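Student: protein.txt is the file, holding compact mmCIF, C-alpha atoms and all ligand atoms:
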```txt
# COMPACT_ATOMS: atom_id res chain seq x y z
CA MET A 1053 43.45 -35.33 56.64
CA TYR A 1054 46.04 -32.62 55.98
CA LEU A 1055 49.73 -33.24 56.51
CA HIS A 1056 52.18 -30.64 57.70
CA GLU A 1057 54.71 -29.48 55.16
CA PHE A 1058 57.55 -31.38 56.87
CA GLN A 1059 55.47 -34.56 56.91
CA ALA A 1060 54.49 -34.17 53.27
CA LYS A 1061 58.11 -33.55 52.30
CA GLY A 1062 59.19 -36.65 54.22
CA LEU A 1063 56.67 -38.65 52.21
CA LEU A 1064 57.92 -37.18 48.92
CA ARG A 1065 61.54 -37.82 49.93
CA SER A 1066 60.71 -41.49 50.52
CA TYR A 1067 59.70 -41.69 46.86
CA GLY A 1068 62.98 -40.12 45.75
CA ILE A 1069 61.35 -36.81 44.86
CA PRO A 1070 63.73 -33.85 45.31
CA VAL A 1071 62.93 -31.68 48.34
CA PRO A 1072 65.34 -29.40 50.22
CA ASP A 1073 67.27 -30.97 53.11
CA GLY A 1074 65.91 -29.94 56.46
CA GLY A 1075 64.54 -30.92 59.82
CA VAL A 1076 61.68 -30.01 62.12
CA ALA A 1077 62.17 -28.23 65.45
CA SER A 1078 60.00 -27.20 68.36
CA THR A 1079 62.51 -25.01 70.19
CA ALA A 1080 65.00 -22.41 69.01
CA SER A 1081 67.95 -24.49 70.19
CA ASP A 1082 66.58 -27.46 68.28
CA ALA A 1083 66.37 -25.23 65.21
CA LEU A 1084 69.98 -24.17 65.68
CA ARG A 1085 71.08 -27.80 65.92
CA VAL A 1086 69.26 -28.60 62.65
CA ALA A 1087 70.87 -25.60 60.89
CA LYS A 1088 74.33 -26.67 62.08
CA GLU A 1089 73.77 -30.21 60.85
CA LEU A 1090 72.71 -28.89 57.46
CA GLN A 1091 75.85 -26.76 57.21
CA GLY A 1092 75.59 -24.25 54.33
CA ASP A 1093 75.26 -20.52 54.94
CA LYS A 1094 71.58 -19.75 54.30
CA TRP A 1095 68.52 -21.31 55.83
CA VAL A 1096 64.76 -20.98 55.57
CA ILE A 1097 62.67 -21.08 58.73
CA LYS A 1098 59.09 -22.11 58.03
CA ALA A 1099 56.08 -22.18 60.37
CA GLN A 1100 54.38 -25.58 60.37
CA VAL A 1101 50.67 -24.83 60.49
CA HIS A 1102 47.87 -26.16 58.33
CA ALA A 1103 47.44 -23.11 56.15
CA GLY A 1104 48.82 -21.68 52.95
CA GLY A 1105 49.96 -18.09 52.51
CA ARG A 1106 52.43 -18.35 55.39
CA GLY A 1107 55.03 -16.35 53.47
CA LYS A 1108 52.91 -13.20 53.46
CA ALA A 1109 51.93 -13.72 57.11
CA GLY A 1110 55.52 -13.81 58.39
CA GLY A 1111 55.73 -17.60 58.54
CA VAL A 1112 58.62 -18.03 56.07
CA LYS A 1113 61.94 -16.31 56.77
CA ILE A 1114 65.34 -16.60 55.13
CA VAL A 1115 68.36 -16.13 57.41
CA ASP A 1116 72.13 -16.27 56.90
CA LYS A 1117 73.64 -16.41 60.39
CA TYR A 1118 73.38 -18.95 63.18
CA SER A 1119 72.34 -16.16 65.53
CA SER A 1120 69.46 -15.25 63.18
CA VAL A 1121 68.39 -18.90 63.01
CA TYR A 1122 68.05 -18.75 66.77
CA ASP A 1123 66.38 -15.34 66.98
CA THR A 1124 63.96 -15.93 64.10
CA SER A 1125 62.99 -19.32 65.52
CA THR A 1126 62.37 -17.77 68.92
CA GLU A 1127 60.10 -15.17 67.33
CA MET A 1128 58.23 -17.61 65.13
CA LEU A 1129 57.56 -20.31 67.73
CA GLY A 1130 54.39 -19.37 69.57
CA MET A 1131 53.39 -16.65 67.14
CA LYS A 1132 49.97 -16.67 65.47
CA ILE A 1133 49.78 -17.05 61.73
CA ILE A 1134 46.73 -15.33 60.32
CA THR A 1135 45.92 -15.95 56.66
CA LYS A 1136 42.78 -16.19 54.53
CA GLN A 1137 42.67 -19.91 55.31
CA THR A 1138 43.00 -19.67 59.10
CA GLY A 1139 40.27 -17.11 59.78
CA GLU A 1140 40.70 -14.29 62.29
CA GLU A 1141 41.71 -16.48 65.22
CA GLY A 1142 44.82 -17.67 63.34
CA LYS A 1143 46.98 -20.70 64.08
CA THR A 1144 49.67 -20.93 66.75
CA VAL A 1145 53.09 -22.07 65.54
CA ARG A 1146 54.26 -25.04 67.60
CA ARG A 1147 56.86 -26.38 65.21
CA ILE A 1148 59.11 -24.96 62.54
CA LEU A 1149 60.90 -26.49 59.59
CA VAL A 1150 64.53 -25.49 59.13
CA GLU A 1151 65.80 -26.06 55.61
CA GLU A 1152 68.81 -25.21 53.55
CA ALA A 1153 67.81 -22.23 51.38
CA THR A 1154 67.33 -22.85 47.68
CA ASP A 1155 68.69 -20.57 44.98
CA ILE A 1156 65.43 -20.01 43.11
CA ARG A 1157 65.41 -19.18 39.39
CA HIS A 1158 61.81 -20.08 38.50
CA GLU A 1159 58.71 -20.82 40.53
CA ILE A 1160 56.12 -23.15 39.01
CA TYR A 1161 52.71 -24.10 40.34
CA LEU A 1162 51.87 -27.81 40.19
CA SER A 1163 49.03 -29.72 41.77
CA PHE A 1164 47.03 -32.92 41.50
CA MET A 1165 43.38 -33.29 42.38
CA VAL A 1166 40.51 -35.70 41.93
CA ASP A 1167 38.13 -34.63 39.18
CA ARG A 1168 34.83 -36.17 40.20
CA ASP A 1169 32.98 -35.21 37.01
CA SER A 1170 35.31 -37.10 34.72
CA GLU A 1171 36.22 -39.74 37.33
CA GLN A 1172 39.87 -39.01 36.64
CA HIS A 1173 42.72 -37.16 38.23
CA VAL A 1174 43.68 -33.73 37.03
CA MET A 1175 47.05 -32.03 37.06
CA ILE A 1176 47.04 -28.25 37.24
CA ALA A 1177 50.18 -26.32 36.33
CA SER A 1178 51.24 -22.75 35.82
CA ALA A 1179 54.46 -20.94 35.03
CA GLU A 1180 53.33 -18.30 37.52
CA GLY A 1181 54.23 -20.28 40.63
CA GLY A 1182 54.38 -18.80 44.10
CA THR A 1183 51.05 -17.04 43.65
CA GLU A 1184 48.03 -18.73 45.16
CA ILE A 1185 46.02 -20.56 42.52
CA GLU A 1186 42.73 -18.93 43.56
CA GLU A 1187 44.31 -15.54 42.95
CA LEU A 1188 45.74 -16.66 39.63
CA ALA A 1189 42.35 -18.00 38.55
CA GLU A 1190 40.97 -14.50 39.03
CA THR A 1191 43.78 -12.35 37.69
CA ASN A 1192 45.28 -14.50 34.94
CA PRO A 1193 43.21 -17.61 34.16
CA GLU A 1194 44.97 -18.15 30.80
CA ALA A 1195 48.15 -18.91 32.72
CA ILE A 1196 46.60 -22.08 34.17
CA ILE A 1197 47.14 -25.36 32.35
CA SER A 1198 45.19 -28.49 33.20
CA GLU A 1199 45.69 -32.07 32.09
CA LYS A 1200 43.43 -35.04 32.80
CA LEU A 1201 45.22 -38.10 34.14
CA SER A 1202 44.30 -41.70 34.81
CA ALA A 1203 43.10 -42.33 38.35
CA VAL A 1204 44.85 -45.71 38.37
CA VAL A 1205 48.06 -45.56 36.34
CA PRO A 1206 50.72 -42.88 37.00
CA MET A 1207 50.92 -40.30 34.22
CA GLY A 1208 53.06 -41.04 31.20
CA ASN A 1209 56.32 -39.31 30.41
CA TYR A 1210 54.72 -37.81 27.27
CA GLN A 1211 52.15 -35.99 29.43
CA GLY A 1212 54.83 -34.53 31.66
CA ARG A 1213 56.89 -33.45 28.64
CA LYS A 1214 53.88 -31.83 27.02
CA ILE A 1215 53.12 -29.79 30.15
CA ALA A 1216 56.81 -28.91 30.60
CA LYS A 1217 56.86 -27.41 27.10
CA MET A 1218 53.64 -25.52 27.76
CA LEU A 1219 55.32 -24.11 30.88
CA GLY A 1220 58.16 -22.85 28.69
CA LEU A 1221 60.80 -25.25 30.03
CA GLU A 1222 63.66 -26.19 27.73
CA GLY A 1223 66.50 -28.68 27.35
CA LYS A 1224 67.02 -31.22 30.11
CA LEU A 1225 64.47 -29.46 32.30
CA ILE A 1226 61.72 -31.01 30.17
CA ASN A 1227 62.60 -34.56 31.21
CA ARG A 1228 63.45 -33.55 34.77
CA PHE A 1229 60.06 -31.93 35.18
CA ALA A 1230 58.30 -34.95 33.62
CA ALA A 1231 60.09 -37.33 35.99
CA VAL A 1232 59.17 -35.32 39.11
CA ALA A 1233 55.56 -34.89 37.94
CA ALA A 1234 55.18 -38.64 37.29
CA LYS A 1235 56.52 -39.49 40.75
CA LEU A 1236 54.21 -36.95 42.36
CA HIS A 1237 51.30 -38.56 40.57
CA GLN A 1238 52.46 -41.95 41.81
CA VAL A 1239 52.37 -40.59 45.40
CA PHE A 1240 48.93 -39.15 44.73
CA ILE A 1241 47.60 -42.54 43.60
CA GLU A 1242 49.38 -44.77 46.12
CA GLN A 1243 48.64 -42.61 49.16
CA ASP A 1244 44.97 -41.99 48.24
CA CYS A 1245 45.41 -38.24 48.18
CA MET A 1246 42.65 -35.72 47.73
CA LEU A 1247 45.11 -32.93 47.02
CA LEU A 1248 48.83 -32.74 46.38
CA GLU A 1249 49.95 -29.19 45.75
CA ILE A 1250 53.51 -28.08 45.13
CA ASN A 1251 53.61 -24.31 45.16
CA PRO A 1252 56.23 -23.51 44.26
CA LEU A 1253 58.00 -26.24 42.36
CA VAL A 1254 61.27 -24.49 41.63
CA ILE A 1255 64.16 -24.60 39.21
CA ASP A 1256 67.40 -23.77 41.00
CA GLY A 1257 70.68 -22.36 39.68
CA LYS A 1258 71.93 -25.85 38.83
CA GLN A 1259 68.82 -26.72 36.81
CA ASN A 1260 67.40 -28.99 39.50
CA VAL A 1261 63.64 -29.35 39.81
CA ILE A 1262 62.77 -29.16 43.54
CA CYS A 1263 59.55 -29.22 45.57
CA LEU A 1264 59.93 -26.15 47.77
CA ASP A 1265 56.52 -26.38 49.41
CA ALA A 1266 54.12 -29.31 49.71
CA LYS A 1267 50.51 -29.43 50.73
CA VAL A 1268 49.05 -32.91 50.95
CA SER A 1269 45.61 -34.04 51.97
CA VAL A 1270 44.85 -37.77 52.26
CA ASP A 1271 41.33 -39.14 51.98
CA ASP A 1272 40.09 -39.88 55.53
CA ASN A 1273 38.22 -42.91 54.25
CA ALA A 1274 41.48 -44.47 53.07
CA LEU A 1275 43.47 -43.92 56.27
CA PHE A 1276 42.88 -47.51 57.35
CA ARG A 1277 45.41 -48.57 54.75
CA HIS A 1278 47.92 -45.81 55.49
CA SER A 1279 48.78 -46.33 59.13
CA LYS A 1280 52.02 -44.33 58.84
CA VAL A 1281 50.13 -41.34 57.47
CA GLU A 1282 47.44 -41.67 60.12
CA GLU A 1283 50.11 -41.47 62.83
CA MET A 1284 50.97 -38.02 61.51
CA LYS A 1285 47.59 -36.65 62.50
CA ASP A 1286 48.05 -33.45 64.50
CA TYR A 1287 45.15 -33.08 66.91
CA GLY A 1288 46.44 -29.66 67.88
CA GLU A 1289 45.42 -28.40 64.43
CA MET A 1290 41.87 -29.70 64.68
CA ASP A 1291 38.71 -28.20 66.14
CA PRO A 1292 38.49 -29.70 69.69
CA GLN A 1293 34.86 -30.71 69.19
CA GLU A 1294 35.82 -32.51 65.99
CA VAL A 1295 38.55 -34.37 67.89
CA ARG A 1296 36.05 -35.47 70.55
CA ALA A 1297 33.63 -36.57 67.85
CA SER A 1298 36.29 -38.65 66.13
CA ILE A 1299 36.93 -40.58 69.37
CA TYR A 1300 33.30 -41.73 69.31
CA ASP A 1301 33.24 -42.29 65.55
CA LEU A 1302 30.88 -39.41 64.95
CA SER A 1303 31.24 -37.14 61.93
CA TYR A 1304 31.02 -33.62 63.24
CA VAL A 1305 31.64 -30.34 61.46
CA SER A 1306 31.04 -27.12 63.32
CA MET A 1307 29.29 -24.20 61.60
CA ASP A 1308 28.10 -20.69 62.44
CA GLY A 1309 24.35 -21.03 63.15
CA ASN A 1310 22.33 -21.63 66.34
CA ILE A 1311 20.47 -24.88 65.62
CA GLY A 1312 22.47 -27.92 66.67
CA CYS A 1313 21.63 -30.97 64.58
CA MET A 1314 21.85 -34.61 65.54
CA VAL A 1315 21.10 -36.85 62.63
CA ASN A 1316 21.90 -40.36 61.46
CA GLY A 1317 23.29 -40.70 57.96
CA ALA A 1318 25.16 -38.07 55.96
CA GLY A 1319 22.34 -37.76 53.42
CA LEU A 1320 19.80 -37.06 56.13
CA ALA A 1321 22.24 -34.63 57.75
CA MET A 1322 22.47 -32.63 54.54
CA ALA A 1323 18.72 -32.74 53.99
CA THR A 1324 18.25 -31.50 57.57
CA MET A 1325 20.59 -28.58 57.01
CA ASP A 1326 18.77 -27.73 53.78
CA ILE A 1327 15.38 -27.72 55.41
CA ILE A 1328 16.58 -25.59 58.33
CA LYS A 1329 17.82 -23.06 55.77
CA PHE A 1330 14.55 -23.34 53.87
CA TYR A 1331 12.70 -22.13 56.96
CA GLY A 1332 15.17 -19.29 57.39
CA GLY A 1333 17.36 -20.82 60.12
CA GLU A 1334 21.08 -21.56 60.35
CA PRO A 1335 22.54 -24.92 61.41
CA ALA A 1336 25.25 -24.80 64.11
CA ASN A 1337 26.83 -28.04 62.97
CA PHE A 1338 26.70 -31.14 60.88
CA LEU A 1339 26.62 -34.22 63.08
CA ASP A 1340 26.12 -37.71 61.80
CA VAL A 1341 25.86 -40.31 64.57
CA GLY A 1342 25.97 -43.08 61.98
CA GLY A 1343 23.77 -46.05 61.29
CA GLY A 1344 24.30 -47.94 64.55
CA ALA A 1345 23.56 -45.02 66.88
CA ASP A 1346 23.15 -46.44 70.40
CA GLU A 1347 22.30 -44.70 73.65
CA ASN A 1348 25.93 -43.99 74.44
CA LYS A 1349 26.67 -42.42 71.07
CA VAL A 1350 23.55 -40.29 71.30
CA ARG A 1351 24.69 -39.00 74.72
CA GLU A 1352 28.17 -38.17 73.47
CA ALA A 1353 26.75 -36.45 70.41
CA PHE A 1354 24.58 -34.33 72.70
CA LYS A 1355 27.51 -33.33 74.84
CA ILE A 1356 29.49 -32.27 71.79
CA ILE A 1357 26.63 -30.18 70.42
CA LEU A 1358 26.18 -28.55 73.82
CA THR A 1359 29.79 -27.43 74.06
CA ASP A 1360 28.89 -24.91 71.34
CA PRO A 1361 27.57 -21.87 73.23
CA GLN A 1362 25.79 -20.60 70.12
CA VAL A 1363 23.36 -23.53 70.14
CA LYS A 1364 19.84 -22.44 71.18
CA VAL A 1365 17.88 -25.40 69.86
CA ILE A 1366 18.85 -29.01 69.31
CA LEU A 1367 17.10 -30.71 66.46
CA VAL A 1368 17.21 -34.49 66.56
CA ASN A 1369 16.23 -36.00 63.24
CA ILE A 1370 16.70 -39.74 63.30
CA PHE A 1371 15.47 -42.53 61.11
CA GLY A 1372 15.26 -45.75 63.09
CA GLY A 1373 16.02 -48.40 60.53
CA ILE A 1374 18.71 -50.48 62.19
CA VAL A 1375 18.07 -48.99 65.65
CA ARG A 1376 14.56 -48.80 67.08
CA CYS A 1377 12.96 -45.40 67.65
CA ASP A 1378 12.02 -46.18 71.26
CA LEU A 1379 15.66 -46.90 72.10
CA ILE A 1380 16.75 -43.69 70.45
CA ALA A 1381 14.06 -41.79 72.35
CA LYS A 1382 15.37 -43.21 75.63
CA GLY A 1383 18.93 -42.18 74.77
CA VAL A 1384 17.80 -38.73 73.74
CA LEU A 1385 15.78 -38.23 76.91
CA LYS A 1386 18.60 -39.37 79.14
CA ALA A 1387 20.95 -36.95 77.43
CA ALA A 1388 18.29 -34.24 77.58
CA GLU A 1389 18.35 -34.40 81.37
CA GLU A 1390 21.79 -32.87 81.12
CA VAL A 1391 20.60 -30.07 78.85
CA PRO A 1392 20.69 -26.68 80.58
CA GLY A 1393 17.16 -25.35 81.00
CA ASP A 1394 17.26 -22.53 78.51
CA ARG A 1395 17.78 -24.72 75.48
CA HIS A 1396 15.07 -26.36 73.44
CA LEU A 1397 14.96 -29.84 72.06
CA VAL A 1398 12.96 -30.79 68.98
CA VAL A 1399 12.78 -34.48 68.14
CA ARG A 1400 11.60 -36.03 64.92
CA LEU A 1401 11.75 -39.81 64.74
CA ASP A 1402 10.63 -42.14 62.02
CA GLY A 1403 11.01 -45.84 61.33
CA THR A 1404 10.68 -48.92 63.49
CA ASN A 1405 8.63 -48.44 66.71
CA VAL A 1406 8.09 -44.79 65.90
CA GLU A 1407 4.85 -44.57 67.90
CA GLU A 1408 6.49 -45.95 71.05
CA GLY A 1409 9.36 -43.51 70.57
CA LYS A 1410 7.08 -40.53 70.19
CA ALA A 1411 4.97 -41.56 73.16
CA LEU A 1412 8.10 -41.63 75.33
CA ILE A 1413 9.09 -38.17 74.18
CA ASN A 1414 5.60 -36.74 74.73
CA GLU A 1415 5.27 -38.27 78.19
CA HIS A 1416 8.61 -36.86 79.16
CA ALA A 1417 7.71 -33.46 77.79
CA LYS A 1418 4.66 -33.40 80.09
CA SER A 1419 6.37 -34.73 83.19
CA SER A 1420 9.61 -32.77 83.06
CA GLY A 1421 10.28 -29.09 83.03
CA LEU A 1422 12.40 -29.46 79.92
CA SER A 1423 11.40 -27.88 76.69
CA VAL A 1424 11.09 -31.07 74.64
CA HIS A 1425 8.95 -31.22 71.51
CA ALA A 1426 8.09 -34.22 69.38
CA ALA A 1427 7.43 -33.36 65.73
CA ASP A 1428 5.67 -35.51 63.16
CA THR A 1429 7.50 -34.62 60.00
CA MET A 1430 10.90 -33.27 59.09
CA ALA A 1431 9.29 -30.04 57.86
CA ASP A 1432 7.38 -29.55 61.13
CA ALA A 1433 10.53 -30.21 63.11
CA ALA A 1434 12.63 -27.74 61.13
CA GLU A 1435 9.96 -25.04 61.20
CA LEU A 1436 9.57 -25.38 64.96
CA ALA A 1437 13.31 -25.44 65.55
CA VAL A 1438 13.76 -22.22 63.57
CA LYS A 1439 10.88 -20.55 65.42
CA LEU A 1440 12.29 -21.51 68.83
CA ALA A 1441 15.78 -20.41 67.85
CA ASN A 1442 14.51 -17.03 66.70
CA GLN A 1443 12.54 -16.56 69.93
CA ALA A 1444 15.61 -17.42 71.97
CA GLU A 1445 17.70 -14.87 70.05
CA ASP A 1446 15.04 -12.19 70.48
CA LYS A 1447 14.86 -12.86 74.19
CA GLU A 1448 18.62 -12.59 74.49
CA GLN A 1449 18.66 -9.27 72.71
CA GLY A 1450 15.91 -8.04 75.01
P1 LIG A 1501 53.43 -20.43 51.70
O1 LIG A 1501 53.48 -18.94 51.67
O2 LIG A 1501 52.71 -20.93 52.91
O3 LIG A 1501 52.86 -21.01 50.45
O4 LIG A 1501 54.95 -20.94 51.86
P2 LIG A 1501 56.03 -21.34 50.76
O5 LIG A 1501 56.79 -22.49 51.26
O6 LIG A 1501 55.41 -21.54 49.41
O7 LIG A 1501 57.00 -20.10 50.72
C1 LIG A 1501 56.57 -18.84 50.26
C2 LIG A 1501 57.61 -18.21 49.39
O8 LIG A 1501 58.82 -18.04 50.10
C3 LIG A 1501 57.98 -19.03 48.17
O9 LIG A 1501 57.08 -18.85 47.09
C4 LIG A 1501 59.36 -18.50 47.86
O10 LIG A 1501 59.28 -17.34 47.04
C5 LIG A 1501 59.92 -18.11 49.22
N1 LIG A 1501 60.87 -19.15 49.66
C6 LIG A 1501 60.61 -20.26 50.36
N2 LIG A 1501 61.72 -21.02 50.51
C7 LIG A 1501 62.72 -20.37 49.86
C8 LIG A 1501 64.11 -20.65 49.63
O11 LIG A 1501 64.68 -21.67 50.01
N3 LIG A 1501 64.81 -19.71 48.92
C9 LIG A 1501 64.24 -18.58 48.47
N4 LIG A 1501 64.99 -17.72 47.78
N5 LIG A 1501 62.94 -18.29 48.65
C10 LIG A 1501 62.18 -19.16 49.33
MN MN A 1502 53.45 -22.30 49.01
```
Output the file's structure in the form of structure tokens.
Ligand code: GDP
Ligand code: MN
Tutor:
Amino acid sequence: MYLHEFQAKGLLRSYGIPVPDGGVASTASDALRVAKELQGDKWVIKAQVHAGGRGKAGGVKIVDKYSSVYDTSTEMLGMKIITKQTGEEGKTVRRILVEEATDIRHEIYLSFMVDRDSEQHVMIASAEGGTEIEELAETNPEAIISEKLSAVVPMGNYQGRKIAKMLGLEGKLINRFAAVAAKLHQVFIEQDCMLLEINPLVIDGKQNVICLDAKVSVDDNALFRHSKVEEMKDYGEMDPQEVRASIYDLSYVSMDGNIGCMVNGAGLAMATMDIIKFYGGEPANFLDVGGGADENKVREAFKIILTDPQVKVILVNIFGGIVRCDLIAKGVLKAAEEVPGDRHLVVRLDGTNVEEGKALINEHAKSSGLSVHAADTMADAAELAVKLANQAEDKEQG
């Protein structure tokens, strides 16, 4: 789960990490009130959307008059931010962050990530802050420093000092950097983060080390122990189908293909996507109904898949271990009655009561006008699904 910049900065502030003073606003008059409360004579107005590269897309503006705070806020609220990370459709700005402007002398890149290979955390740093790290990795990879860290104990001062020196920092900035880095790592550990990226971490005119931007992603599987973070979830930033799926405890990720998949278990879901690709098809989604898939969940999963207009074929690939195949078949068939006529349904069941399940599917296929097919193996099911999807596309193109 990604946090907005203002939420991430609030979290950092609660740990005593230096971030600029500011407040969030959803109207221009709100923004003006925040600017007046901050006093000062220069402010930054920042679009709060889940995407980096806002600066280049017009989502970060510096202003020096109250009237410009108001006008810039009016312009920014409601505008669409289009960056590499948002795709063509962009993201609508619903809230803005108004901050006192910082007098920047240096911009540093600093981030923390989980390094699965070494089962440790890794800190990435660069003296070339402000630039996106992907770009830096291409144009100037030597400028990127990385340091392995414990996944349990916050980094030591010596590690922070070592990186500070590698970044070319001098004097008291070495210890100041080390202190901020150690606290950031503490946040990373305590909040079960997947990513904590400060780009840029800046040095201001008074030699303060400040987090000017903050991108934080918290592991969804750990949200149960971070209720305050979970409350920050912004459904407006999520794919509506993914929101629906989360209500029913389904893991759903939408993709670009035309074969909708309904599977139980993430491993089986991935294997299903692989085998669809093997036969030359493209999955429209990843949908895991979970181990205890009952009739109701199966119905909801169907509805979610069907809201995707690109779906031509639905491939159900379920292993009935905990749930019986005949019960799944009943749920599938009930949901299938709501399937518009021009879509195909391919069902592959295995596990407990598989014969009863298949018999139900086959009987239904004969008695109804629906295009329902029972397949014996995963390979048969995928091959048939791809064939039917291709036929449907051909028919559509005339
Ligand atoms: P991003 O483009 O989405 O990563 O947004 P950032 O928050 O990183 O802002 C982009 C750039 O705007 C930064 O790299 C800075 O160069 C500039 N910027 C942001 N806030 C300030 C500020 O307070 N003062 C100054 N001078 N520049 C700022
Ligand atoms: Mn940034």
Student: Go ahead and compute the interatomic distance for CA of Lys1214 in chain A and CA of Thr1154 in chain A, in Å to one decimal.
Tutor: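 About the pair CA of Lys1214 in chain A and CA of Thr1154 in chain A: they are 26.2 Å apart.
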Student: Per residue of chain A within 6 Å of ligand LIG 1501 (chain A), record the nearest atom pair and its distance in Å to one decimal, counting only C-alpha atoms and all ligand atoms, with rows in chain order and ascending residue number, as a Markdown table.
Tutor:
```
| residue | atom | partner | partner_atom | distance |
| --- | --- | --- | --- | --- |
| A:Val1096 | CA | A:LIG1501 | O11 | 5.6 |
| A:Gly1104 | CA | A:LIG1501 | O2 | 4.0 |
| A:Gly1105 | CA | A:LIG1501 | O1 | 3.7 |
| A:Arg1106 | CA | A:LIG1501 | O2 | 3.6 |
| A:Gly1107 | CA | A:LIG1501 | O1 | 3.5 |
| A:Val1112 | CA | A:LIG1501 | O7 | 6.0 |
| A:Ala1153 | CA | A:LIG1501 | O11 | 3.5 |
| A:Thr1154 | CA | A:LIG1501 | O11 | 3.7 |
| A:Asp1155 | CA | A:LIG1501 | N4 | 5.4 |
| A:Ile1156 | CA | A:LIG1501 | N4 | 5.2 |
| A:Gly1182 | CA | A:LIG1501 | O9 | 4.0 |
| A:Asn1251 | CA | A:LIG1501 | O6 | 5.4 |
| A:Pro1252 | CA | A:LIG1501 | O9 | 5.5 |
| A:Leu1264 | CA | A:LIG1501 | O5 | 6.0 |
| A:Asp1265 | CA | A:LIG1501 | O5 | 4.3 |
```
Student: Go through A:Leu1253, A:Leu1412, A:Ala1323, A:Ile1380 one by one, measure the shortest atom-to-atom distance of each to Val1071 in chain A using only C-alpha atoms, and give the residue with the smallest value.
Tutor: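 Once distances to Val1071 in chain A are computed over only C-alpha atoms, the minimum belongs to A:Leu1253.
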Student: One decimal, in Å: what's the spacing between CA of Val1261 in chain A and CA of Arg1228 in chain A?
Tutor: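 So the answer is 6.6 Å.
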Student: Please identify all polymer residues within 9 Å of Leu1320 in chain A, counting only C-alpha atoms, omitting same-chain residues fewer than 2 positions from it, and present them as a list in words.
Tutor: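 Skipping anything fewer than 2 positions along the chain leaves Val1315, Asn1316, Gly1317, Ala1318, Met1322, Ala1323, Thr1324, Met1325, Asp1340, Asn1369, Ile1370 and Phe1371 of chain A.
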Student: Output C-alpha atoms for every residue in that selection, as an mmCIF file, in the coordinates of the input.
Tutor:
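To be explicit, this is the file written out as result-v1.cif:
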```cif
data_model
loop_
_atom_site.group_PDB
_atom_site.id
_atom_site.type_symbol
_atom_site.label_atom_id
_atom_site.label_comp_id
_atom_site.auth_asym_id
_atom_site.auth_seq_id
_atom_site.Cartn_x
_atom_site.Cartn_y
_atom_site.Cartn_z
ATOM 1 C CA VAL A 1315 21.100 -36.850 62.630
ATOM 2 C CA ASN A 1316 21.900 -40.360 61.460
ATOM 3 C CA GLY A 1317 23.290 -40.700 57.960
ATOM 4 C CA ALA A 1318 25.160 -38.070 55.960
ATOM 5 C CA MET A 1322 22.470 -32.630 54.540
ATOM 6 C CA ALA A 1323 18.720 -32.740 53.990
ATOM 7 C CA THR A 1324 18.250 -31.500 57.570
ATOM 8 C CA MET A 1325 20.590 -28.580 57.010
ATOM 9 C CA ASP A 1340 26.120 -37.710 61.800
ATOM 10 C CA ASN A 1369 16.230 -36.000 63.240
ATOM 11 C CA ILE A 1370 16.700 -39.740 63.300
ATOM 12 C CA PHE A 1371 15.470 -42.530 61.110
#
```
Student: Could you jot down the CA of Gln1211 in chain A to CA of Gln1059 in chain A separation for me, Å, one decimal place?
Tutor: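 Going from CA of Gln1211 in chain A over to CA of Gln1059 in chain A, I get 27.7 Å.
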